[in-house]
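Asker: There's a structure below that I have some questions on.
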Amino acid sequence: MPAAILINQQFRLAARPIGLPKPSDWQQVSAPLRDIADGEIVVKTLYLSLDPAMRGWMNEGKSYIRPVAIGEVMRAGGVGVVVASKSPRFALGDTVSGGIGVQSYWLGAADDASGNFFKIDPGIAPLTTWLNTLGMPGMTGYFGLLEVGQPKAGETVVVSGAAGAVGQSVGQVAKLMGCKVIGIAGGQDKCDFVVKELGFDACIDYKNGDLREGLKQHCPEGVDVYFDNVGGDMLDTVLTRIRMKARIVICGAISQYNNTGAIKGPANYLSLLVHRARMEGIVVFDYADRFHLGVAALAKWLKEGRFKSREDVVDGLEHFPDALLMLFEGKNFGKLVLKVADA
């Protein structure tokens, strides 16, 4: 089928959101694809990864990655299949992962850094798992915990957002390292999943219980490693329970992303001084040249049945704006994925 008759549906950023993104912050565009040139490929989007970090990419200002420009297709990772190719790097039918964006097709040079596609093997794991455990969330949890958190067997590791994409990987890796792992999640169903399915030692339901008391109960000797995906008051509370030489891994702050005022910083930061502790950020792109090592380790554990990957799939590109909001309303259960098309 000639690429020129393929119709591309896109969501472009129309305005910088104030607070939660609203419908007027998006522009939905439909247009036929142009013919491809030498060295280019067309990737048909199958699944997109929806991540809390996307909210930060919509803001103007200095960050670890440039903001999405007004009028630009919203940035998103995804998996797809090559449906047209004039590049020796990719053949028709190759399954790939990369920066597809919120659209039904990606067209561009095969070596374009914005797409940064690489081949994946659907035989190793389902495609949605390549956006979770074997994708950016899994790599974030794997390298963030091992490189920044540096857990040791017997230590206590606490993970916020434990039932989410990054949290589920962090906790399972920590257990495989011989640590005691305590999750923090919202709701009994998520806590049951974290303990009964993922194998955490305990999970504190912050929505229906007292976080401070839960930490006292499950971490009586304190916290050695805290992997933070939430920020705000939760980070502040955990800082009151850290041990000497603790490591706090700052991965995200989903509680703060939609603030209309100033970001709430840690009031209890002097606990870092008292306990000679360290707080350090993790940006997964820093480890891109070693992703293959993380994928190999996690794929091995998946194959052995020692690791689980849960995805929450929403069907239909048209549902993107509402699906994205699920992240900030705590409605997703596991890694949030948007299905765009069948293979």
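In the structure tokens, each chain is lettered A, B, ... as it comes, each chain's residues begin at 1, and ligands are numbered from 1 in order of appearance.
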In range 187-326 of chain A, what's strand (DSSP E or B) per DSSP? Answer as a list in words?

Answerer: Ala202, Cys203, Ile204, Asp205, Val223, Asp224, Val225, Tyr226, Phe227, Asp228, Ile242, Arg243, Met244, Lys245, Ala246, Arg247, Ile248, Val249, Ile250, Arg278, Met279, Glu280, Gly281, Glu311, Asp312, Val313, Val314 and Asp315 of chain A

Asker: Per DSSP on the backbone, filter range 38-269 of chain A down to the residues in helix (DSSP H, G or I) and report them as a PyMOL selection string.

Answerer: chain A and resi 53-57+127-131+136-149+165-176+188-197+211-218+232-239

Asker: Check the smallest atom-to-atom distance from each of A:Asn132, A:Gln28, A:Ser169, A:Thr240 to Phe307 in chain A using only C-alpha atoms, then report the winner.

Answerer: A:Ser169

Asker: Could you make a table, as JSON lines, of the residues of range 47-138 of chain A that have an atom within 7 Å of an atom of range 10-27 of chain A, each with its nearest atom pair and distance in Å to one decimal, counting only C-alpha atoms, in chain and number order?

Answerer:
```
{"residue": "A:Met58", "atom": "CA", "partner": "A:Arg16", "partner_atom": "CA", "distance": 6.1}
{"residue": "A:Asn59", "atom": "CA", "partner": "A:Arg16", "partner_atom": "CA", "distance": 6.2}
{"residue": "A:Ile70", "atom": "CA", "partner": "A:Leu13", "partner_atom": "CA", "distance": 5.3}
{"residue": "A:Gly71", "atom": "CA", "partner": "A:Leu13", "partner_atom": "CA", "distance": 5.3}
{"residue": "A:Glu72", "atom": "CA", "partner": "A:Arg12", "partner_atom": "CA", "distance": 5.2}
{"residue": "A:Val73", "atom": "CA", "partner": "A:Arg12", "partner_atom": "CA", "distance": 4.2}
{"residue": "A:Met74", "atom": "CA", "partner": "A:Arg12", "partner_atom": "CA", "distance": 5.3}
{"residue": "A:Val102", "atom": "CA", "partner": "A:Phe11", "partner_atom": "CA", "distance": 5.7}
{"residue": "A:Gln103", "atom": "CA", "partner": "A:Gln10", "partner_atom": "CA", "distance": 4.2}
{"residue": "A:Ser104", "atom": "CA", "partner": "A:Gln10", "partner_atom": "CA", "distance": 6.7}
```

Asker: Please identify every residue of range 179-249 of chain A that has at least one atom no farther than 6 Å from an atom of range 261-275 of chain A, counting only C-alpha atoms, and for each give the shortest atom pair and the distance in Å to one decimal, arranged by chain then increasing number, as a Markdown table.

Answerer:
```
| residue | atom | partner | partner_atom | distance |
| --- | --- | --- | --- | --- |
| A:Gly232 | CA | A:Lys264 | CA | 5.6 |
| A:Asp236 | CA | A:Pro266 | CA | 5.3 |
| A:Met244 | CA | A:His275 | CA | 4.4 |
| A:Lys245 | CA | A:His275 | CA | 6.0 |
```

Asker: Please provide the set of residues having any atom within 9 Å of range 122-125 of chain A, restricted to only C-alpha atoms, with same-chain residues fewer than 4 positions apart removed, written as a list of chain:residue names.

Answerer: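 Near range 122-125 of chain A, the qualifying residues are A:Thr95, A:Thr129, A:Trp130, A:Leu134, A:Ala299, A:Leu302, A:Lys303.
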
Asker: Which one of A:Thr133, A:Thr128, A:Ser63, A:Asn8 sits closest to Leu107 in chain A if you count only C-alpha atoms?

Answerer: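 Ranking A:Thr133, A:Thr128, A:Ser63, A:Asn8 by distance to Leu107 in chain A, first place goes to A:Asn8.
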
Asker: Give me, please, the distance in Å between CA of Gly178 in chain A and CA of Asp201 in chain A, quoted to one decimal.

Answerer: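 A separation of 11.4 Å between them.
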
Asker: Tell me which of A:Gly183, A:Gly61, A:Gly199, A:Gly154 sits closest to Glu221 in chain A, counting only C-alpha atoms.

Answerer: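 Smallest separation from Glu221 in chain A among the options: A:Gly154.
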
Asker: Which residues come within 6 Å of Gly231 in chain A, counting only C-alpha atoms, excluding same-chain residues fewer than 3 positions away, as a short mmCIF file (atom, residue, chain, number, x, y, z; two decimals) with N, CA and C atoms, in the first residue's frame?

Answerer:
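Dumped to result_32.cif:
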```cif
data_model
loop_
_atom_site.label_atom_id
_atom_site.label_comp_id
_atom_site.auth_asym_id
_atom_site.auth_seq_id
_atom_site.Cartn_x
_atom_site.Cartn_y
_atom_site.Cartn_z
N MET A 234 4.50 13.05 50.70
CA MET A 234 4.96 11.66 50.86
C MET A 234 6.47 11.61 51.04
N LEU A 235 7.18 12.34 50.22
CA LEU A 235 8.64 12.41 50.36
C LEU A 235 9.01 12.95 51.72
N ALA A 253 7.67 13.08 40.59
CA ALA A 253 6.90 13.78 41.63
C ALA A 253 5.49 14.00 41.10
#
```

Asker: Got a sec: who's within 10 Å of Glu147 in chain A, counting only C-alpha atoms, leaving out chain neighbours fewer than 6 positions off, as a list in words?

Answerer: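 Counting only C-alpha atoms, the residues come to Gly141, Val249, Ile282 and Tyr287 of chain A.
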
Asker: Got time to write the residues from that selection, C-alpha atoms, as an mmCIF file, in the first residue's frame?

Answerer:
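Result saved to out39.cif:
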```cif
data_model
loop_
_atom_site.group_PDB
_atom_site.id
_atom_site.type_symbol
_atom_site.label_atom_id
_atom_site.label_comp_id
_atom_site.auth_asym_id
_atom_site.auth_seq_id
_atom_site.Cartn_x
_atom_site.Cartn_y
_atom_site.Cartn_z
ATOM 1 C CA GLY A 141 13.505 1.093 37.837
ATOM 2 C CA VAL A 249 16.246 8.145 44.556
ATOM 3 C CA ILE A 282 17.515 9.456 37.969
ATOM 4 C CA TYR A 287 21.767 4.832 30.742
#
```

Asker: Using 8 Å as the limit and counting only C-alpha atoms, can you tabulate each residue of range 39-80 of chain A that touches range 314-333 of chain A, with its shortest atom-to-atom distance in Å and the two atoms involved, as CSV?

Answerer:
```
residue,atom,partner,partner_atom,distance
A:Leu50,CA,A:Leu324,CA,6.3
A:Asp51,CA,A:Leu327,CA,7.4
A:Pro52,CA,A:Leu327,CA,6.4
```

Asker: Could those residues be written to a file, using C-alpha atoms, as a PDB file, in the first residue's frame?

Answerer:
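This is the output file part.pdb:
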```
ATOM      1  CA  LEU A  50       1.507   7.026  28.647  1.00  0.00           C
ATOM      2  CA  ASP A  51       3.794   8.299  31.404  1.00  0.00           C
ATOM      3  CA  PRO A  52       3.664  10.970  34.129  1.00  0.00           C
TER       4      PRO A  52
END
```
